[in-house]
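Undergrad: Before I ask anything, let me first share the structure, which is written out below as structure tokens.
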Amino acid sequence: MAPSSTLGEFEHLVLLAVLGLGDDARAISLREEIAEKAERSVTRGGLYTALERLEAKGLLSWKVEASTPERGGLPRRVYSLTPDGLEALRSQARVLQRMTQGVHDLLHPS
Amino acid sequence: MTVPPRPPARFEALVRWVLGNRPEDRFILGDMREEYARRPVPVRYLLTGLAVAARVRIGRLRATDHPAHRTHSREAIEMISTVLSDMRLALRAFARRPAPTAALVATLAVGIGATTAVGSAVRGVLLAPLPYERPDELMVVEVNTGGLGWYGMSVPEFLDVERDVSSFSEVGGWVTGTLVLGDSVRPRRVPAAFVTPDLLPILGVAPKVGRTWTAEESVPGGGGVAVLSASLADELFPDGDPLGRTVRLTGSDYQVLGVMPDGFSFGNSPVDVWTPLGIDRQNPAPRANHFLTVLARLAPGTPSEAARAGLDAFAASTRERFPDSYAGRGFRTRLSPLHGWTVGATRAPLLVLLGTAALVLLIACGNVANLMLARGDARTAEMAVRSAVGAPRGRLIGQLLAEAGVLAAAGGVAGVLVAVLGIRTLVRWAPPGTPRVDQVVLDTPMLAAALALTACAGLLFGLIPALRVGRAGAVGIDMRSRGMAGRGRRSVQIRRALLVAQVAMAAVLTVGSGLMVRTLRNLYDTDLGLRSERILTLTLDADPARYDNAESRALLYAQLLERVRTVPGAEGAAVSCVAPMTELCGYLSLIVEGQEGVSIGDAPDGVREIVTPEYFDLLGVRAVSGRLLSPDDHADAPLVAVVNETFAEAIWPGQPALGRRFRMFVEGWPFMEVVGIVADVRNRGPDTAPDPTFYVPLAQAGTSAYALPATASLIVRSAGTDPVALAPGVREAVRGVDPDIAISRIRSLDAIIAQTVALRSFTLRLLQLFTGVALFLAAVGVYGVMTISVGERRREIGLKKALGAQENALVRSVVAEGMTLAAIGCGLGLAGGLLLAHWMRSLLFGVAVADPLTWLATAAVLIGVAVVSSAVPAWRAGRIDPMLTLRAEG
């Protein structure tokens, strides 16, 4: 199945943020990143749910990092894209590119 | 390195539980901790944490959505999640409009706090049962055998009651007084109770260690034993067992038999020493000597009416048996439950204050309702939109409920704080001698009632917009004119009705305050008959064993006066038996020359004052005729007395009193001659008529007026304005004469007088506070309603203006509307004020219940408040731009 067909708008934003943040792709920074760049508020609960869903779809994976004093021994997850995740983003980008061809001037008025 | 802040463990555990306690979710808790370290706000942690956890759980359930998974726990979690998100929305909505929200919370806090504080005091002081065994059976017996009011019994009367009245199972008596504790190191007075052997057993309270006295120990001369209060025992014997130790009290040694339980108290003043009252049953004290307060326990199953009838019969037979004692004055008895007797005069003011606090709470509820209605109106359109796009009605109601709940919770928390502060203030302001005031604590049922009432008001009026949506149907709302004509007519009417009610209640409070202000002014304006400024009084206790006769005592007082006069800053000094305006030095039966042979029941009586000659000049007591006392009235000079006008008129009505002679009732005491008449002094306070009083010179008191006590009051006038500043110098002077003299009750005479009106000034202070709050809340109410009314009439006003109406006329019409509403409220309030005034009658002095000045002032104040608070909305109405409103119309 084509991954792009099941990617919601919010999930799309989450994947892009994970890609952009690289080694710092943790839930807290993801939320801040999306809030800042996409200018929408993100509830924590919604973000965790989306992350679980994306993991279940095989688009995301995570690894555990060492704890910090603020976390008092509790683990920290850093997310990264799976090859499928990267492919899904790429196919979305291609779709967008195709769709915006010819309307570029309207979308970016000088 | 500093440790980063951690969320409270309980909150974290709760969040983990809602998350489902899965180990793989520990990173979420870690994220939450990290965010908490940045902003350590526990409540915020709890709310967000629960919301996150609920959302994650629901997300998982949805991911595996299947009818089989529709469990109760899922429904519960969905519900929690909804409530939490509603609350979050509510918080956000409030954060957007902080001013009205703060006003609401403050209003709630004041209403809840004031009512809870006063209610706690009422329940603590008036309603809590007395801490004795079967307290309902305890009664106080008082008598009247002439003179003012009700007072204690004499020893023979007490013995008769004990023997003859069968309605009582036990009878005991007590006298309170003071004893001087210690020796020359630091003598001081301690409050003491002299009690009959039965008294403590009647109460059903045993000492916590040791015992009370036996019958043998309580006969006169058998004494020398005492039971101490727990606090005094701890102070005197911090190291160990007080039993069997001795304490020195007023020059004698007392053996400590026992210690009462912690916090035990009896009567209205603290007692530190209980000691037996020696009653000589064979040869009791005189029948006319009424000093013993009598406590009786009703026999099991005896109603108090039966006991009252029994006492009446006893009184009748006593009058017959002792015609000499009672023929002229009668003998009446009164039986009061100990509870009512203890609470006494505090009852009326506390109930009045509770009533007024409740009014403040109602006004606050009115404001809450008003503000919620206003919010609701503003959101009718929002509700309609949400309903139109498919929000179920239950969801809308839930949202409004959450908002009201958040408000009620915030108001409740703030209200508890106000209540705690309020109780502290009440206890501090309470007049000295207020019974059981130390037992007042925050009363949970009272707090719960106040919270429930305000929450109800909030919910009821908060829900109106949601109900309206349901009724009108989503589409029925006029979306075009949102915020203007869309406001329900009905809610404007409700709001006006609320406003009228608020103004009415504020008027009731203003009437109450006004009457109390007038009362206090009357009390302070009453001529007491003496000048109190710059006067210091202190009580001196000399060792009666060392100064065991009148000569040595007179000499001591003369030496003291001589020393005190040399204290820098002292203008003059005098000695009297008791400090002015405190207690009586004795109410004594007398024989008037020419009327010898009358029975004690027919003999006149009067208050004895024992004073040095400087007394009159020092206190500004005016001579009416004859002369004042002088230093020439020494012990060997002819015996003389000065009497007050009431005395002269009572004993020699219509005749000249100068030159007449009278003496103590008891055979053998010499006559003294009236050499002067002075103006009356209102010794019991400004609201009580003066007693017939005679003044004997201190030097002659041992010869002419039974005794010269070893306890006396020193009165000093200071050159400076603060008489209390003289105290150290005076104390030094007294020590210089005799270091063993205990000095106590150092007070200015002004402070003593203030205390006689303390209960009323306490009531007034609180009433004024409540009235201020009520007027403020009413002003807020008027402002709110008029603002909305102007908003509602925007188009009408705009149109009028476009047609040429004057700005002034528009302003006037708005103010007039506010005034009309206020006037209606005021009218209702004045009627209610009549009820309140009637209720607080016993607190008033020199002012009629329907005092026209108070009523006019109340009306003026309320109309004034209405004018001021409608001024801003009116001014806005005047500035409405007709073009804007008319354009909006198009």
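Identifiers in the structure tokens: chain A, B, ... in order shown; residue index from 1 per chain; ligand index from 1 in order shown.
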Considering only C-alpha atoms, extract the chain A residues located within 9 Å of chain B and return them as a list in words.
TA: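 Result: Arg26, Ala27, Ile28, Thr43, Arg44, Gly45, Gly46, Leu47, Tyr48, Thr49, Ala50, Glu52, Arg53, Val64, Ser67, Thr68, Pro69, Glu70, Arg71, Gly72, Gly73, Leu74, Pro75, Arg76 and Arg77 of chain A.
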Undergrad: Just to be explicit: take each residue in the selection above, keep N, CA and C atoms, and write the result as a tab-separated table (two decimals), in the first residue's frame.
TA:
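Heads up, here's the output in selection_23.tsv:
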```tsv
chain	number	residue	atom	x	y	z
A	26	ARG	N	13.03	14.53	20.29
A	26	ARG	CA	12.32	14.01	21.47
A	26	ARG	C	10.96	14.68	21.52
A	27	ALA	N	10.05	14.11	22.32
A	27	ALA	CA	8.66	14.61	22.32
A	27	ALA	C	8.61	16.10	22.65
A	28	ILE	N	9.39	16.53	23.66
A	28	ILE	CA	9.28	17.92	24.08
A	28	ILE	C	9.73	18.86	22.97
A	43	THR	N	-1.30	19.52	21.65
A	43	THR	CA	-1.42	18.99	23.01
A	43	THR	C	-0.44	17.84	23.16
A	44	ARG	N	0.08	17.70	24.38
A	44	ARG	CA	1.06	16.64	24.62
A	44	ARG	C	0.45	15.28	24.33
A	45	GLY	N	-0.78	15.10	24.85
A	45	GLY	CA	-1.44	13.81	24.67
A	45	GLY	C	-1.58	13.47	23.20
A	46	GLY	N	-1.98	14.49	22.40
A	46	GLY	CA	-2.18	14.26	20.97
A	46	GLY	C	-0.87	13.85	20.30
A	47	LEU	N	0.22	14.48	20.73
A	47	LEU	CA	1.52	14.18	20.14
A	47	LEU	C	1.94	12.74	20.44
A	48	TYR	N	1.80	12.34	21.72
A	48	TYR	CA	2.19	10.97	22.06
A	48	TYR	C	1.36	9.98	21.28
A	49	THR	N	0.07	10.26	21.15
A	49	THR	CA	-0.80	9.34	20.41
A	49	THR	C	-0.34	9.23	18.96
A	50	ALA	N	-0.02	10.39	18.38
A	50	ALA	CA	0.43	10.38	16.98
A	50	ALA	C	1.72	9.61	16.84
A	52	GLU	N	2.78	7.14	18.66
A	52	GLU	CA	2.50	5.70	18.77
A	52	GLU	C	1.91	5.16	17.48
A	53	ARG	N	1.01	5.98	16.89
A	53	ARG	CA	0.35	5.55	15.66
A	53	ARG	C	1.40	5.40	14.54
A	64	VAL	N	16.40	4.49	23.27
A	64	VAL	CA	16.42	5.08	24.61
A	64	VAL	C	17.75	5.75	24.84
A	67	SER	N	19.37	9.15	30.93
A	67	SER	CA	18.52	10.13	31.62
A	67	SER	C	19.32	11.37	32.00
A	68	THR	N	18.61	12.45	32.33
A	68	THR	CA	19.25	13.67	32.82
A	68	THR	C	18.79	13.91	34.25
A	69	PRO	N	19.46	14.81	34.99
A	69	PRO	CA	19.03	15.06	36.39
A	69	PRO	C	17.57	15.50	36.47
A	70	GLU	N	17.12	16.30	35.48
A	70	GLU	CA	15.73	16.78	35.52
A	70	GLU	C	14.74	15.62	35.47
A	71	ARG	N	15.15	14.52	34.82
A	71	ARG	CA	14.23	13.41	34.62
A	71	ARG	C	14.32	12.42	35.77
A	72	GLY	N	15.27	12.63	36.65
A	72	GLY	CA	15.38	11.80	37.85
A	72	GLY	C	15.42	10.32	37.54
A	73	GLY	N	16.23	9.90	36.56
A	73	GLY	CA	16.41	8.48	36.30
A	73	GLY	C	15.43	7.89	35.29
A	74	LEU	N	14.43	8.65	34.87
A	74	LEU	CA	13.46	8.11	33.92
A	74	LEU	C	14.03	8.20	32.50
A	75	PRO	N	13.73	7.20	31.67
A	75	PRO	CA	14.35	7.14	30.33
A	75	PRO	C	13.87	8.26	29.40
A	76	ARG	N	14.62	8.42	28.30
A	76	ARG	CA	14.30	9.46	27.34
A	76	ARG	C	14.29	8.80	25.96
A	77	ARG	N	13.27	9.12	25.16
A	77	ARG	CA	13.20	8.51	23.83
A	77	ARG	C	13.60	9.53	22.77
```
Undergrad: So that I can check the surroundings of stretch 298-315 of chain B, please list as a list of chain:residue names every protein, DNA and RNA residue that reaches within 7 Å of it, counting only C-alpha atoms and ignoring chain neighbours fewer than 4 positions away.
TA: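 Selected residues are B:Glu137, B:Leu138, B:Val165, B:Ser167, B:Phe168, B:Ser169, B:Arg319, B:Phe331, B:Arg332, B:Thr333, B:Leu335.
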Undergrad: Work out how far apart atom CA of A:Ser91 and atom CA of A:Leu15 are and give it in Å to one decimal.
TA: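 Straight-line distance from atom CA of A:Ser91 to atom CA of A:Leu15 works out to 12.7 Å.
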Undergrad: Write down as a PyMOL selection string the residues of stretch 692-765 of chain B whose backbone DSSP state falls under strand (DSSP E).
TA: chain B and resi 693-697+711-718+742-748
Undergrad: Considering only alpha helix (DSSP H) as DSSP defines it on the backbone, what residues of stretch 13-104 of chain A qualify? List them as an MDAnalysis selection string.
TA: chainID A and resid 13:21 27:37 44:56 83:100 104
Undergrad: Just want the 12 Å neighbourhood of stretch 81-88 of chain A, counted on only C-alpha atoms, with same-chain residues fewer than 5 positions away dropped. Output as JSON, numbers by chain.
TA: {"A": [1, 2, 3, 4, 5, 6, 7, 8, 11, 12, 14, 15, 16, 17, 18, 19, 20, 21, 22, 23, 25, 51, 54, 55, 56, 57, 58, 59, 60, 61, 62, 63, 93, 94, 95]}
Undergrad: In Å, rounded to a single decimal, give me how far atom CA of B:Met581 is from atom CA of B:Ser842.
TA: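 Rounded to one decimal, the two atoms are 21.1 Å apart.
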Undergrad: Quick one, how far is atom CA of B:His339 from atom CA of B:Leu130?
TA: 6.7 Å
